[in-house]
$ cat target-v1.cif   # mmCIF, C-alpha atoms
data_query
#
loop_
_atom_site.label_atom_id
_atom_site.label_comp_id
_atom_site.auth_asym_id
_atom_site.auth_seq_id
_atom_site.Cartn_x
_atom_site.Cartn_y
_atom_site.Cartn_z
CA MET A 55 70.05 -63.46 136.68
CA GLU A 56 69.05 -67.10 136.23
CA SER A 57 66.09 -68.18 138.32
CA SER A 58 66.61 -70.95 140.86
CA ASP A 59 64.80 -74.25 140.49
CA ALA A 60 62.67 -73.37 143.52
CA ALA A 61 61.63 -70.04 141.99
CA LEU A 62 60.68 -71.68 138.70
CA VAL A 63 58.74 -74.45 140.45
CA SER A 64 56.86 -71.84 142.46
CA ARG A 65 55.95 -69.92 139.29
CA VAL A 66 54.69 -73.09 137.62
CA LEU A 67 52.61 -74.02 140.65
CA HIS A 68 51.05 -70.56 140.50
CA GLY A 69 49.87 -71.23 136.99
CA GLU A 70 52.74 -69.84 134.92
CA VAL A 71 53.03 -72.92 132.77
CA ASN A 72 55.68 -71.43 130.49
CA ALA A 73 58.13 -71.26 133.39
CA TYR A 74 58.32 -75.03 133.16
CA GLY A 75 60.07 -74.57 129.81
CA ALA A 76 63.07 -73.09 131.65
CA LEU A 77 63.32 -76.23 133.77
CA VAL A 78 63.09 -78.42 130.66
CA SER A 79 65.80 -76.39 128.99
CA ARG A 80 67.99 -76.61 132.09
CA TYR A 81 67.93 -80.40 132.43
CA ARG A 82 67.19 -81.82 128.98
CA ASP A 83 70.71 -82.40 127.65
CA ARG A 84 72.15 -83.35 131.02
CA TYR A 85 69.67 -86.13 131.55
CA ALA A 86 69.45 -87.15 127.89
CA ARG A 87 72.95 -88.56 128.23
CA TYR A 88 71.88 -90.95 130.99
CA ALA A 89 68.76 -92.04 129.10
CA VAL A 90 70.65 -92.63 125.84
CA HIS A 91 73.29 -94.80 127.53
CA MET A 92 70.73 -96.60 129.66
CA LEU A 93 68.30 -97.37 126.84
CA GLY A 94 70.78 -97.62 124.00
CA ASN A 95 69.08 -95.48 121.42
CA ARG A 96 68.03 -91.89 121.06
CA GLU A 97 64.40 -92.55 120.18
CA ASP A 98 63.62 -94.49 123.36
CA ALA A 99 65.72 -92.05 125.37
CA GLU A 100 63.81 -89.01 124.12
CA GLU A 101 60.50 -90.72 124.80
CA ALA A 102 61.58 -91.63 128.33
CA LEU A 103 62.82 -88.12 128.99
CA GLN A 104 59.66 -86.50 127.63
CA ASP A 105 57.61 -88.80 129.78
CA ALA A 106 59.73 -88.01 132.85
CA PHE A 107 59.29 -84.27 132.34
CA THR A 108 55.53 -84.70 131.90
CA ARG A 109 55.22 -86.91 134.98
CA ALA A 110 57.24 -84.41 136.97
CA TYR A 111 54.90 -81.61 135.88
CA ARG A 112 51.84 -83.65 136.85
CA SER A 113 53.31 -84.34 140.29
CA LEU A 114 55.10 -81.04 140.82
CA ALA A 115 53.12 -80.31 143.95
CA ARG A 116 54.64 -83.42 145.47
CA CYS A 117 58.22 -82.22 144.94
CA GLU A 118 59.09 -81.76 148.61
CA ASP A 119 62.28 -79.79 148.03
CA PRO A 120 61.84 -77.61 144.92
CA GLU A 121 65.44 -76.41 145.22
CA ARG A 122 66.43 -79.98 144.35
CA PHE A 123 63.97 -80.32 141.48
CA GLY A 124 66.75 -81.70 139.28
CA ALA A 125 67.50 -84.59 141.62
CA TRP A 126 63.79 -85.34 141.97
CA LEU A 127 63.33 -85.30 138.20
CA PHE A 128 66.33 -87.57 137.77
CA ARG A 129 64.78 -90.12 140.11
CA ILE A 130 61.65 -90.12 137.95
CA LEU A 131 63.79 -90.58 134.85
CA VAL A 132 65.73 -93.48 136.36
CA ASN A 133 62.46 -95.24 137.16
CA ARG A 134 61.11 -94.48 133.71
CA CYS A 135 64.23 -95.95 132.10
CA ARG A 136 63.81 -99.10 134.18
CA THR A 137 60.25 -99.49 132.91
CA SER A 138 61.29 -98.82 129.34
CA GLY A 139 64.19 -101.26 129.63
CA ALA A 140 61.88 -103.94 131.01
CA ARG A 141 59.47 -103.38 128.12
CA ARG A 142 62.30 -103.73 125.63
CA VAL A 143 63.42 -107.02 127.16
CA ARG A 144 59.86 -108.34 127.07
CA ARG A 145 59.59 -107.39 123.42
CA GLY A 146 62.79 -109.33 122.81
CA GLN A 147 64.53 -106.41 121.16
CA THR A 148 68.27 -106.37 120.94
CA PHE A 149 70.32 -103.43 122.05
CA VAL A 150 70.20 -100.85 119.31
CA HIS A 151 72.87 -98.23 118.91
CA ASP A 152 72.25 -94.63 118.07
CA ASP A 153 73.28 -94.78 114.43
CA GLY A 154 72.73 -91.07 113.95
CA ALA A 155 75.06 -90.19 116.77
CA LEU A 156 77.66 -92.67 115.56
CA MET A 157 77.53 -91.23 112.09
CA LYS A 158 77.97 -87.74 113.50
CA ALA A 159 80.85 -88.94 115.66
CA SER A 160 82.56 -90.50 112.67
CA GLU A 161 82.56 -87.12 111.00
CA GLU A 162 84.06 -85.42 114.01
CA HIS A 163 86.53 -88.03 115.23
CA PRO A 164 89.17 -90.18 113.61
CA ALA A 165 88.05 -93.70 112.69
CA GLU A 166 89.88 -95.22 115.65
CA GLN A 167 88.06 -92.98 118.08
CA THR A 168 84.72 -93.87 116.51
CA MET A 169 85.50 -97.58 116.77
CA TRP A 170 86.48 -97.15 120.42
CA ARG A 171 83.24 -95.34 121.15
CA GLU A 172 81.25 -98.02 119.35
CA GLU A 173 82.97 -100.76 121.33
CA ILE A 174 82.24 -98.99 124.59
CA GLU A 175 78.58 -98.48 123.73
CA ARG A 176 78.25 -102.08 122.67
CA ALA A 177 79.89 -103.28 125.88
CA VAL A 178 77.70 -101.04 128.06
CA GLY A 179 74.68 -102.41 126.21
CA GLU A 180 75.77 -105.93 127.07
CA LEU A 181 75.61 -105.22 130.81
CA SER A 182 72.51 -106.31 132.69
CA PRO A 183 70.14 -103.35 133.29
CA ASP A 184 70.96 -103.33 137.01
CA GLN A 185 74.69 -103.28 136.38
CA ARG A 186 74.39 -100.70 133.64
CA GLU A 187 72.29 -98.44 135.85
CA ALA A 188 74.73 -98.70 138.75
CA PHE A 189 77.79 -98.16 136.54
CA LEU A 190 76.31 -95.11 134.80
CA LEU A 191 75.14 -93.52 138.05
CA LYS A 192 78.48 -94.10 139.75
CA TYR A 193 80.96 -93.22 137.05
CA VAL A 194 79.18 -91.24 134.35
CA GLU A 195 76.80 -89.25 136.54
CA ASP A 196 79.44 -89.17 139.27
CA LEU A 197 77.05 -89.84 142.13
CA GLY A 198 78.00 -91.10 145.58
CA TYR A 199 76.67 -94.41 146.79
CA ASP A 200 74.30 -92.74 149.24
CA GLU A 201 72.76 -90.68 146.45
CA MET A 202 72.52 -93.76 144.27
CA ALA A 203 70.75 -95.63 147.06
CA GLU A 204 68.31 -92.75 147.47
CA ILE A 205 67.53 -92.68 143.75
CA THR A 206 67.31 -96.41 143.12
CA GLY A 207 66.01 -97.66 146.45
CA VAL A 208 68.77 -100.28 146.43
CA GLY A 209 71.17 -100.75 149.35
CA VAL A 210 74.70 -99.35 149.20
CA SER A 211 76.42 -102.73 149.45
CA ALA A 212 74.29 -104.15 146.62
CA LEU A 213 75.10 -101.12 144.50
CA LYS A 214 78.82 -101.52 145.16
CA MET A 215 78.55 -105.15 144.08
CA ARG A 216 76.74 -104.17 140.89
CA VAL A 217 79.34 -101.53 140.04
CA MET A 218 82.16 -103.99 140.65
CA ARG A 219 80.53 -106.64 138.48
CA ALA A 220 79.82 -104.07 135.79
CA CYS A 221 83.50 -103.11 135.73
CA ASP A 222 84.53 -106.78 135.54
CA ARG A 223 82.08 -107.42 132.72
CA LEU A 224 83.20 -104.35 130.77
CA ARG A 225 86.80 -105.41 131.15
CA THR A 226 85.97 -108.85 129.77
CA LEU A 227 83.91 -107.52 126.90
CA LEU A 228 86.44 -104.91 125.85
CA ARG A 229 89.31 -107.40 126.07
CA GLU A 230 87.35 -109.89 123.96
CA VAL A 231 86.95 -107.26 121.27
CA HIS A 232 90.67 -106.65 121.10
CA SER A 233 91.80 -110.25 121.44
CA GLY A 234 89.26 -111.42 118.86
CA MET B 219 93.90 -101.01 123.89
CA ALA B 220 95.71 -100.37 127.14
CA GLU B 221 95.49 -102.92 129.94
CA TRP B 222 92.28 -102.55 131.92
CA GLY B 223 92.92 -100.38 134.92
CA ARG B 224 92.21 -96.96 136.27
CA THR B 225 93.38 -95.33 133.06
CA THR B 226 91.16 -97.44 130.83
CA LEU B 227 88.18 -96.91 133.12
CA GLU B 228 88.79 -93.18 132.88
CA MET B 229 88.87 -93.45 129.08
CA VAL B 230 85.57 -95.36 129.07
CA VAL B 231 83.96 -92.85 131.41
CA GLN B 232 85.34 -89.93 129.44
CA GLU B 233 83.73 -91.31 126.31
CA LEU B 234 80.41 -91.92 128.03
CA GLN B 235 80.45 -88.44 129.55
CA GLN B 236 80.45 -86.79 126.15
CA PRO B 237 77.43 -84.49 125.99
CA VAL B 238 74.26 -85.65 124.26
CA ARG B 239 72.48 -82.80 122.54
CA LEU B 240 68.81 -83.21 121.80
CA ASP B 241 66.99 -81.85 118.83
CA ALA B 242 65.88 -78.23 119.21
CA SER B 243 62.26 -79.33 119.01
CA PHE B 244 62.51 -81.42 122.18
CA GLU B 245 61.53 -78.62 124.54
CA ARG B 246 58.57 -77.70 122.35
CA ARG B 247 57.37 -81.31 122.29
CA VAL B 248 57.55 -81.55 126.07
CA MET B 249 55.70 -78.26 126.49
CA VAL B 250 52.91 -79.46 124.19
CA ARG B 251 52.37 -82.37 126.58
CA VAL B 252 52.64 -80.12 129.62
CA ARG B 253 50.11 -77.63 128.26
CA ARG B 254 47.76 -80.50 127.55
CA VAL B 255 47.94 -81.47 131.23
CA TYR B 256 47.46 -77.83 132.16
CA ALA B 257 44.35 -77.63 129.96
CA GLN B 258 42.95 -80.84 131.46
CA ARG B 259 43.35 -79.30 134.91
CA ARG B 260 41.55 -76.21 133.73
CA ARG B 261 38.69 -78.37 132.52
CA ARG B 262 38.44 -79.79 136.02
CA GLY B 263 38.30 -76.26 137.38
CA LEU B 264 40.80 -73.76 138.72
CA GLY B 265 40.07 -74.89 142.30
CA ALA B 266 41.80 -78.21 141.82
CA TRP B 267 44.93 -76.50 140.51
CA LEU B 268 44.96 -73.91 143.29
CA GLY B 269 44.41 -76.62 145.86
CA VAL B 270 47.59 -78.25 144.65
CA ALA B 271 49.56 -75.04 144.63
CA SER B 272 48.47 -73.80 148.02
CA ARG B 273 49.16 -77.15 149.64
CA VAL B 274 52.79 -77.04 148.70
CA THR B 275 53.75 -73.44 148.52
CA HIS B 276 51.90 -72.31 151.61
CA HIS B 277 50.19 -69.19 150.35
CA PRO B 278 47.05 -69.12 152.49
CA GLY B 279 45.89 -65.76 151.14
CA TRP B 280 46.46 -66.57 147.53
CA ALA B 281 42.96 -67.72 146.62
CA ALA B 282 41.42 -64.67 148.25
CA ALA B 283 43.86 -62.37 146.47
CA LEU B 284 43.03 -64.02 143.16
CA ALA B 285 39.33 -63.58 143.76
CA ALA B 286 39.88 -59.92 144.59
CA GLY B 287 41.93 -59.47 141.45
CA ILE B 288 39.19 -60.85 139.28
CA VAL B 289 36.63 -58.55 140.84
CA ALA B 290 38.90 -55.55 140.28
CA ILE B 291 39.30 -56.47 136.63
CA VAL B 292 35.64 -57.11 136.02
CA THR B 293 34.57 -53.86 137.62
CA ALA B 294 37.18 -51.86 135.72
CA GLY B 295 34.99 -51.70 132.66
CA VAL B 296 35.60 -52.71 129.08
CA LEU B 297 36.10 -51.06 125.72
CA ARG B 298 35.30 -53.29 122.86
CA SER B 299 34.30 -53.33 119.22
CA ARG B 300 32.77 -56.33 117.51
CA PRO B 301 31.58 -57.07 114.03
CA PRO B 302 27.85 -57.36 113.46
CA VAL B 303 25.98 -60.51 114.22
CA SER B 304 25.70 -63.49 111.91
CA PRO B 305 24.23 -66.85 112.81
CA SER B 306 26.26 -69.10 110.50
CA ALA B 307 29.76 -70.53 110.71
CA SER B 308 32.12 -69.95 107.78
CA SER B 309 35.70 -70.35 106.61
CA VAL B 310 35.88 -66.58 106.09
CA PHE B 311 38.02 -64.81 108.68
CA GLU B 312 37.09 -61.41 110.01
CA PRO B 313 39.26 -59.09 112.11
CA VAL B 314 38.04 -58.87 115.69
CA GLN B 315 39.47 -56.56 118.32
CA PHE B 316 39.45 -57.84 121.89
CA VAL B 317 39.84 -55.20 124.59
CA LEU B 318 40.04 -55.53 128.36
CA VAL B 319 40.71 -52.77 130.86
CA ALA B 320 42.93 -54.23 133.54
CA PRO B 321 45.38 -51.65 134.92
CA ALA B 322 46.88 -54.03 137.48
CA ALA B 323 47.48 -56.89 135.07
CA GLN B 324 50.96 -58.00 134.08
CA SER B 325 49.73 -59.82 130.99
CA VAL B 326 46.48 -60.48 129.15
CA ALA B 327 45.82 -63.11 126.51
CA VAL B 328 42.73 -64.18 124.63
CA VAL B 329 41.78 -67.83 124.35
CA GLY B 330 38.77 -69.34 122.67
CA ASP B 331 37.47 -72.14 120.55
CA PHE B 332 38.95 -70.33 117.52
CA ASN B 333 42.53 -70.80 118.82
CA ASP B 334 42.13 -74.16 120.58
CA TRP B 335 41.83 -72.39 123.95
CA GLY B 336 45.42 -71.27 123.85
CA LEU B 337 46.98 -74.71 123.55
CA ASN B 338 50.28 -74.99 121.67
CA ASP B 339 51.15 -71.33 122.15
CA SER B 340 48.09 -70.24 120.19
CA ALA B 341 46.84 -67.75 122.79
CA LEU B 342 46.51 -64.20 121.47
CA VAL B 343 48.75 -61.95 123.51
CA ALA B 344 47.29 -58.50 124.11
CA THR B 345 49.28 -55.29 124.18
CA ASN B 346 49.09 -52.92 127.12
CA HIS B 347 48.12 -49.30 126.48
CA GLN B 348 48.13 -47.70 129.95
CA GLY B 349 46.00 -50.45 131.43
CA VAL B 350 43.88 -51.01 128.34
CA TRP B 351 44.86 -54.34 126.85
CA SER B 352 43.95 -55.06 123.26
CA VAL B 353 44.68 -57.45 120.46
CA THR B 354 43.17 -57.79 117.01
CA ALA B 355 43.05 -61.16 115.33
CA PRO B 356 41.29 -62.86 112.42
CA VAL B 357 38.44 -65.02 113.68
CA PRO B 358 36.33 -67.31 111.49
CA ALA B 359 32.81 -66.09 110.90
CA GLY B 360 30.36 -67.90 113.16
CA VAL B 361 29.52 -68.34 116.80
CA HIS B 362 32.41 -68.64 119.25
CA ARG B 363 33.25 -68.81 122.92
CA TYR B 364 36.26 -67.05 124.39
CA ALA B 365 37.78 -65.66 127.58
CA PHE B 366 40.65 -63.49 128.78
CA VAL B 367 43.55 -65.05 130.68
CA VAL B 368 45.06 -62.48 133.01
CA ASN B 369 48.60 -62.90 134.36
CA GLY B 370 48.73 -66.33 132.78
CA LYS B 371 46.35 -67.86 135.29
CA GLU B 372 43.18 -65.88 135.95
CA TRP B 373 40.44 -66.93 133.54
CA VAL B 374 38.05 -63.99 133.07
CA ALA B 375 34.91 -63.70 130.96
CA ASP B 376 34.47 -60.53 128.92
CA PRO B 377 32.27 -58.33 131.16
CA SER B 378 30.91 -56.47 128.14
CA ALA B 379 29.76 -59.56 126.27
CA PRO B 380 27.05 -62.10 127.00
CA ARG B 381 28.20 -65.12 128.95
CA SER B 382 28.44 -68.30 126.96
CA ALA B 383 25.56 -70.68 127.57
CA GLY B 384 27.89 -73.57 128.37
CA ASP B 385 31.07 -72.32 130.04
CA ASP B 386 33.92 -74.49 128.79
CA PHE B 387 36.10 -76.44 131.23
CA GLY B 388 34.00 -75.18 134.14
CA MET B 389 35.53 -71.76 133.51
CA PRO B 390 33.70 -68.56 132.63
CA SER B 391 33.57 -67.69 128.94
CA SER B 392 31.80 -65.20 126.73
CA ALA B 393 29.86 -65.56 123.51
CA LEU B 394 31.05 -63.96 120.28
CA ILE B 395 29.23 -63.92 116.95
CA VAL B 396 31.30 -62.89 113.93
CA GLU B 397 29.52 -61.91 110.73
CA ASP B 398 30.76 -62.96 107.30
CA SER B 399 31.36 -59.60 105.55
CA THR B 400 31.33 -61.22 102.11
CA LYS B 401 27.64 -62.05 102.37
#
$ encode --input "target-v1.cif" --output "C-alpha cells"
Amino acid sequence: MESSDAALVSRVLHGEVNAYGALVSRYRDRYARYAVHMLGNREDAEEALQDAFTRAYRSLARCEDPERFGAWLFRILVNRCRTSGARRVRRGQTFVHDDGALMKASEEHPAEQTMWREEIERAVGELSPDQREAFLLKYVEDLGYDEMAEITGVGVSALKMRVMRACDRLRTLLREVHSG
Amino acid sequence: MAEWGRTTLEMVVQELQQPVRLDASFERRVMVRVRRVYAQRRRRGLGAWLGVASRVTHHPGWAAALAAGIVAIVTAGVLRSRPPVSPSASSVFEPVQFVLVAPAAQSVAVVGDFNDWGLNDSALVATNHQGVWSVTAPVPAGVHRYAFVVNGKEWVADPSAPRSAGDDFGMPSSALIVEDSTK
C-alpha cells in the first residue's frame, strides 16, 4: 500500500532520508508542468523544482500539516518561480520555449496541433508574470480562489482581476495570430 | 480558430494540462542535493537533527530510545577481521570485511572516508545473518575512518576498533589501517 505524505514526512524527519525520494517521485511531474509553463523553458523549470524540493527538505520540520505536504511544497515552488521569473526579467531574457518538448510534440501530433500548442505557449509567455501565475493556478492547476489566495498571499478580488485580464490578453494574442 | 469563448478556453487549458515528464535522472539529482543537506546536518551533530524532528513529530521518548538502542548495539559485541597494519596510503584496494552484531537492527550500513561517508548512495549495505551484519568491500590501502549507520540514522563507532582521533562531523568513528598486500 502506498504510504501517505504524513507517513513519509515522519520517516524523513526520523532520519530515513531515502523516504524523501518517494515524495519527490510523487510530485515531480505534477509540479513540473506548472514550472515549465510559468518559466517558459524546461531548464529553468527543472532548476526551480529541484530547488523547491531541496528547500522543502531543509524546512520539513516547519511543515505544519504533513498530510498536505504537496500543497506546502507547491507554495514553495510558486515562490521559487516568482524569484526565477524576476531574475529572468532583470537579465533581460526573452521568453524561451521548450524546443525539445516542441520537437517531441511535432513527432506525436499533426502539424496543426503543434502549431496550436506553440501559439498557446507563446501567448502564455506574453502574459505578465502575475497574470500568468493566476491563470495557470486557476485553470491549469484547477485551484479555487481561496486556495490561490493562500498560496500567493494575494487577495481573492485581485486574483479574479488578474485571471480576467489574463483571459482577455490571451484572447487578443491568439486572435492576432490568426488574423495576422 | 474558433471564436474565443468557453470552448476555446477549454482547448487552451486542455493543451496546457498535458503532462510534463521529467528526465529519469531528476529524482536522483534532487536526492544528491538532499543527501548533501543531510550530511551537513550530521556534521553539526545528530542533536540538531533530532531537535528538529522531536519538535514537530512529538516523540518525547525518542532520544532516550535512540540512546538505549546504541548502548544495546555496542554491548552486543563484534566479530571482525581486518587486514594487517600498514602506515601508507595507496591506490591498491584490499578486501575488508566489516561486521557488527546488532540483533535488533533493521538495517546496517558502513560509511567512511573511503566511500565519501555514504553520500550519493555510496554507503555499503550489510547483510543480516541472524543478527550478525556483515559486508565485504574493497578499501584502498592506507589509514581510514569509518562508522556503522544503524537503521539509517544511528551513527555507531565499531566497538572492536580503536576510535578515530578526530571524530568526523562530531560523530563517533573508528580507525582502520589497511595494508597493501603487494608490498
$ atom_distance --input "target-v1.cif" --atom1 "CA of Asp83 in chain A" --atom2 "CA of Val63 in chain A"
19.2 Å
$ resolve_selection --input "target-v1.cif" --expression "the PyMOL selection byres ((chain A) within 6 of (chain B))" --output "PDB file with C-alpha atoms, in the frame of the given file"
ATOM      1  CA  LEU A  67      52.610 -74.020 140.650  1.00  0.00           C
ATOM      2  CA  GLY A  69      49.870 -71.230 136.990  1.00  0.00           C
ATOM      3  CA  GLU A  70      52.740 -69.840 134.920  1.00  0.00           C
ATOM      4  CA  ASP A  83      70.710 -82.400 127.650  1.00  0.00           C
ATOM      5  CA  ARG A  87      72.950 -88.560 128.230  1.00  0.00           C
ATOM      6  CA  GLN A 104      59.660 -86.500 127.630  1.00  0.00           C
ATOM      7  CA  THR A 108      55.530 -84.700 131.900  1.00  0.00           C
ATOM      8  CA  ALA A 115      53.120 -80.310 143.950  1.00  0.00           C
ATOM      9  CA  VAL A 194      79.180 -91.240 134.350  1.00  0.00           C
TER      10      VAL A 194
END
$ residues_around --input "target-v1.cif" --residues "range 199-203 of chain A" --least-positions-apart "5" --cutoff "9 Å" --atoms "all atoms listed in the file" --output "list in words"
Ala188, Leu191, Lys192, Val208, Gly209, Val210, Ser211, Leu213 and Lys214 of chain A
$ axis_aligned_box --input "target-v1.cif" --around "range 75-84 of chain A" --padding-each-side "4 Å" --output "JSON"
{"center_x": 66.1, "center_y": -78.2, "center_z": 130.7, "size_x": 20.1, "size_y": 18.3, "size_z": 14.1}
$ atom_distance --input "target-v1.cif" --atom1 "CA of Gln258 in chain B" --atom2 "CA of His362 in chain B"
20.2 Å
$ resolve_selection --input "target-v1.cif" --expression "the PyMOL selection byres ((chain B and resi 318-332) around 6)" --output "list in words"
Ile291, Val296, Val317, Asn333, Asp334, Trp335, Gly336, Ala341, Leu342, Val343, Ala344, Gly349, Val350, Trp351, Arg363, Tyr364, Ala365, Phe366, Val367, Val368 and Asn369 of chain B
$ closest_residue --input "target-v1.cif" --among "A:Ala110, A:Ala177, A:Leu103, A:Trp126" --to "Arg84 in chain A" --atoms "only C-alpha atoms"
A:Leu103
$ closest_residue --input "target-v1.cif" --among "A:Met215, A:Thr168, A:Thr226, A:Leu127" --to "Ser113 in chain A" --atoms "all atoms listed in the file"
A:Leu127
$ atom_distance --input "target-v1.cif" --atom1 "CA of Ala379 in chain B" --atom2 "CA of Gln348 in chain B"
22.2 Å
$ residues_around --input "target-v1.cif" --residues "Tyr74 in chain A" --least-positions-apart "2" --cutoff "9 Å" --atoms "all atoms listed in the file" --output "number ranges by chain"
A: 62-63, 65-66, 70-72, 76-79, 111; B: 249, 252
$ resolve_selection --input "target-v1.cif" --expression "the PyMOL selection byres ((chain B and resi 315) around 12)" --output "PyMOL selection string"
chain B and resi 297-301+312-314+316-318+328+342-345+351-357+394+396
$ build_atoms --input "target-v1.cif" --residues "range 342-368 of chain B" --atoms "N, CA and C atoms" --output "PDB file, in the coordinates of the input"
ATOM      1  N   LEU B 342      46.241 -65.523 122.035  1.00  0.00           N
ATOM      2  CA  LEU B 342      46.510 -64.200 121.470  1.00  0.00           C
ATOM      3  C   LEU B 342      46.984 -63.284 122.591  1.00  0.00           C
ATOM      4  N   VAL B 343      48.177 -62.788 122.459  1.00  0.00           N
ATOM      5  CA  VAL B 343      48.750 -61.950 123.510  1.00  0.00           C
ATOM      6  C   VAL B 343      48.364 -60.497 123.266  1.00  0.00           C
ATOM      7  N   ALA B 344      47.736 -59.888 124.254  1.00  0.00           N
ATOM      8  CA  ALA B 344      47.290 -58.500 124.110  1.00  0.00           C
ATOM      9  C   ALA B 344      48.408 -57.532 124.466  1.00  0.00           C
ATOM     10  N   THR B 345      48.302 -56.344 123.912  1.00  0.00           N
ATOM     11  CA  THR B 345      49.280 -55.290 124.180  1.00  0.00           C
ATOM     12  C   THR B 345      48.692 -54.295 125.168  1.00  0.00           C
ATOM     13  N   ASN B 346      49.540 -53.837 126.069  1.00  0.00           N
ATOM     14  CA  ASN B 346      49.090 -52.920 127.120  1.00  0.00           C
ATOM     15  C   ASN B 346      49.210 -51.469 126.671  1.00  0.00           C
ATOM     16  N   HIS B 347      48.103 -50.741 126.754  1.00  0.00           N
ATOM     17  CA  HIS B 347      48.120 -49.300 126.480  1.00  0.00           C
ATOM     18  C   HIS B 347      47.604 -48.596 127.727  1.00  0.00           C
ATOM     19  N   GLN B 348      48.484 -48.370 128.683  1.00  0.00           N
ATOM     20  CA  GLN B 348      48.130 -47.700 129.950  1.00  0.00           C
ATOM     21  C   GLN B 348      46.943 -48.391 130.629  1.00  0.00           C
ATOM     22  N   GLY B 349      47.032 -49.681 130.722  1.00  0.00           N
ATOM     23  CA  GLY B 349      46.000 -50.450 131.430  1.00  0.00           C
ATOM     24  C   GLY B 349      44.888 -50.954 130.538  1.00  0.00           C
ATOM     25  N   VAL B 350      44.874 -50.497 129.288  1.00  0.00           N
ATOM     26  CA  VAL B 350      43.880 -51.010 128.340  1.00  0.00           C
ATOM     27  C   VAL B 350      44.573 -52.019 127.437  1.00  0.00           C
ATOM     28  N   TRP B 351      44.192 -53.257 127.580  1.00  0.00           N
ATOM     29  CA  TRP B 351      44.860 -54.340 126.850  1.00  0.00           C
ATOM     30  C   TRP B 351      44.034 -54.666 125.609  1.00  0.00           C
ATOM     31  N   SER B 352      44.706 -54.755 124.476  1.00  0.00           N
ATOM     32  CA  SER B 352      43.950 -55.060 123.260  1.00  0.00           C
ATOM     33  C   SER B 352      44.779 -55.910 122.301  1.00  0.00           C
ATOM     34  N   VAL B 353      44.059 -56.668 121.517  1.00  0.00           N
ATOM     35  CA  VAL B 353      44.680 -57.450 120.460  1.00  0.00           C
ATOM     36  C   VAL B 353      43.622 -57.660 119.373  1.00  0.00           C
ATOM     37  N   THR B 354      44.071 -57.562 118.143  1.00  0.00           N
ATOM     38  CA  THR B 354      43.170 -57.790 117.010  1.00  0.00           C
ATOM     39  C   THR B 354      43.626 -59.040 116.280  1.00  0.00           C
ATOM     40  N   ALA B 355      42.681 -59.900 115.981  1.00  0.00           N
ATOM     41  CA  ALA B 355      43.050 -61.160 115.330  1.00  0.00           C
ATOM     42  C   ALA B 355      41.943 -61.583 114.377  1.00  0.00           C
ATOM     43  N   PRO B 356      42.313 -62.315 113.321  1.00  0.00           N
ATOM     44  CA  PRO B 356      41.290 -62.860 112.420  1.00  0.00           C
ATOM     45  C   PRO B 356      40.567 -64.020 113.085  1.00  0.00           C
ATOM     46  N   VAL B 357      39.258 -63.967 113.068  1.00  0.00           N
ATOM     47  CA  VAL B 357      38.440 -65.020 113.680  1.00  0.00           C
ATOM     48  C   VAL B 357      37.451 -65.502 112.631  1.00  0.00           C
ATOM     49  N   PRO B 358      37.280 -66.810 112.498  1.00  0.00           N
ATOM     50  CA  PRO B 358      36.330 -67.310 111.490  1.00  0.00           C
ATOM     51  C   PRO B 358      34.908 -66.821 111.783  1.00  0.00           C
ATOM     52  N   ALA B 359      34.203 -66.490 110.723  1.00  0.00           N
ATOM     53  CA  ALA B 359      32.810 -66.090 110.900  1.00  0.00           C
ATOM     54  C   ALA B 359      32.036 -67.228 111.558  1.00  0.00           C
ATOM     55  N   GLY B 360      31.141 -66.866 112.466  1.00  0.00           N
ATOM     56  CA  GLY B 360      30.360 -67.900 113.160  1.00  0.00           C
ATOM     57  C   GLY B 360      30.226 -67.566 114.631  1.00  0.00           C
ATOM     58  N   VAL B 361      29.752 -68.527 115.363  1.00  0.00           N
ATOM     59  CA  VAL B 361      29.520 -68.340 116.800  1.00  0.00           C
ATOM     60  C   VAL B 361      30.696 -68.944 117.568  1.00  0.00           C
ATOM     61  N   HIS B 362      31.232 -68.180 118.501  1.00  0.00           N
ATOM     62  CA  HIS B 362      32.410 -68.640 119.250  1.00  0.00           C
ATOM     63  C   HIS B 362      32.264 -68.383 120.741  1.00  0.00           C
ATOM     64  N   ARG B 363      33.105 -69.080 121.489  1.00  0.00           N
ATOM     65  CA  ARG B 363      33.250 -68.810 122.920  1.00  0.00           C
ATOM     66  C   ARG B 363      34.701 -68.410 123.186  1.00  0.00           C
ATOM     67  N   TYR B 364      34.901 -67.507 124.128  1.00  0.00           N
ATOM     68  CA  TYR B 364      36.260 -67.050 124.390  1.00  0.00           C
ATOM     69  C   TYR B 364      36.336 -66.506 125.819  1.00  0.00           C
ATOM     70  N   ALA B 365      37.557 -66.247 126.257  1.00  0.00           N
ATOM     71  CA  ALA B 365      37.780 -65.660 127.580  1.00  0.00           C
ATOM     72  C   ALA B 365      39.131 -64.960 127.576  1.00  0.00           C
ATOM     73  N   PHE B 366      39.340 -64.107 128.574  1.00  0.00           N
ATOM     74  CA  PHE B 366      40.650 -63.490 128.780  1.00  0.00           C
ATOM     75  C   PHE B 366      41.401 -64.296 129.848  1.00  0.00           C
ATOM     76  N   VAL B 367      42.707 -64.438 129.648  1.00  0.00           N
ATOM     77  CA  VAL B 367      43.550 -65.050 130.680  1.00  0.00           C
ATOM     78  C   VAL B 367      44.491 -63.964 131.180  1.00  0.00           C
ATOM     79  N   VAL B 368      44.295 -63.579 132.431  1.00  0.00           N
ATOM     80  CA  VAL B 368      45.060 -62.480 133.010  1.00  0.00           C
ATOM     81  C   VAL B 368      46.210 -63.041 133.845  1.00  0.00           C
TER      82      VAL B 368
END
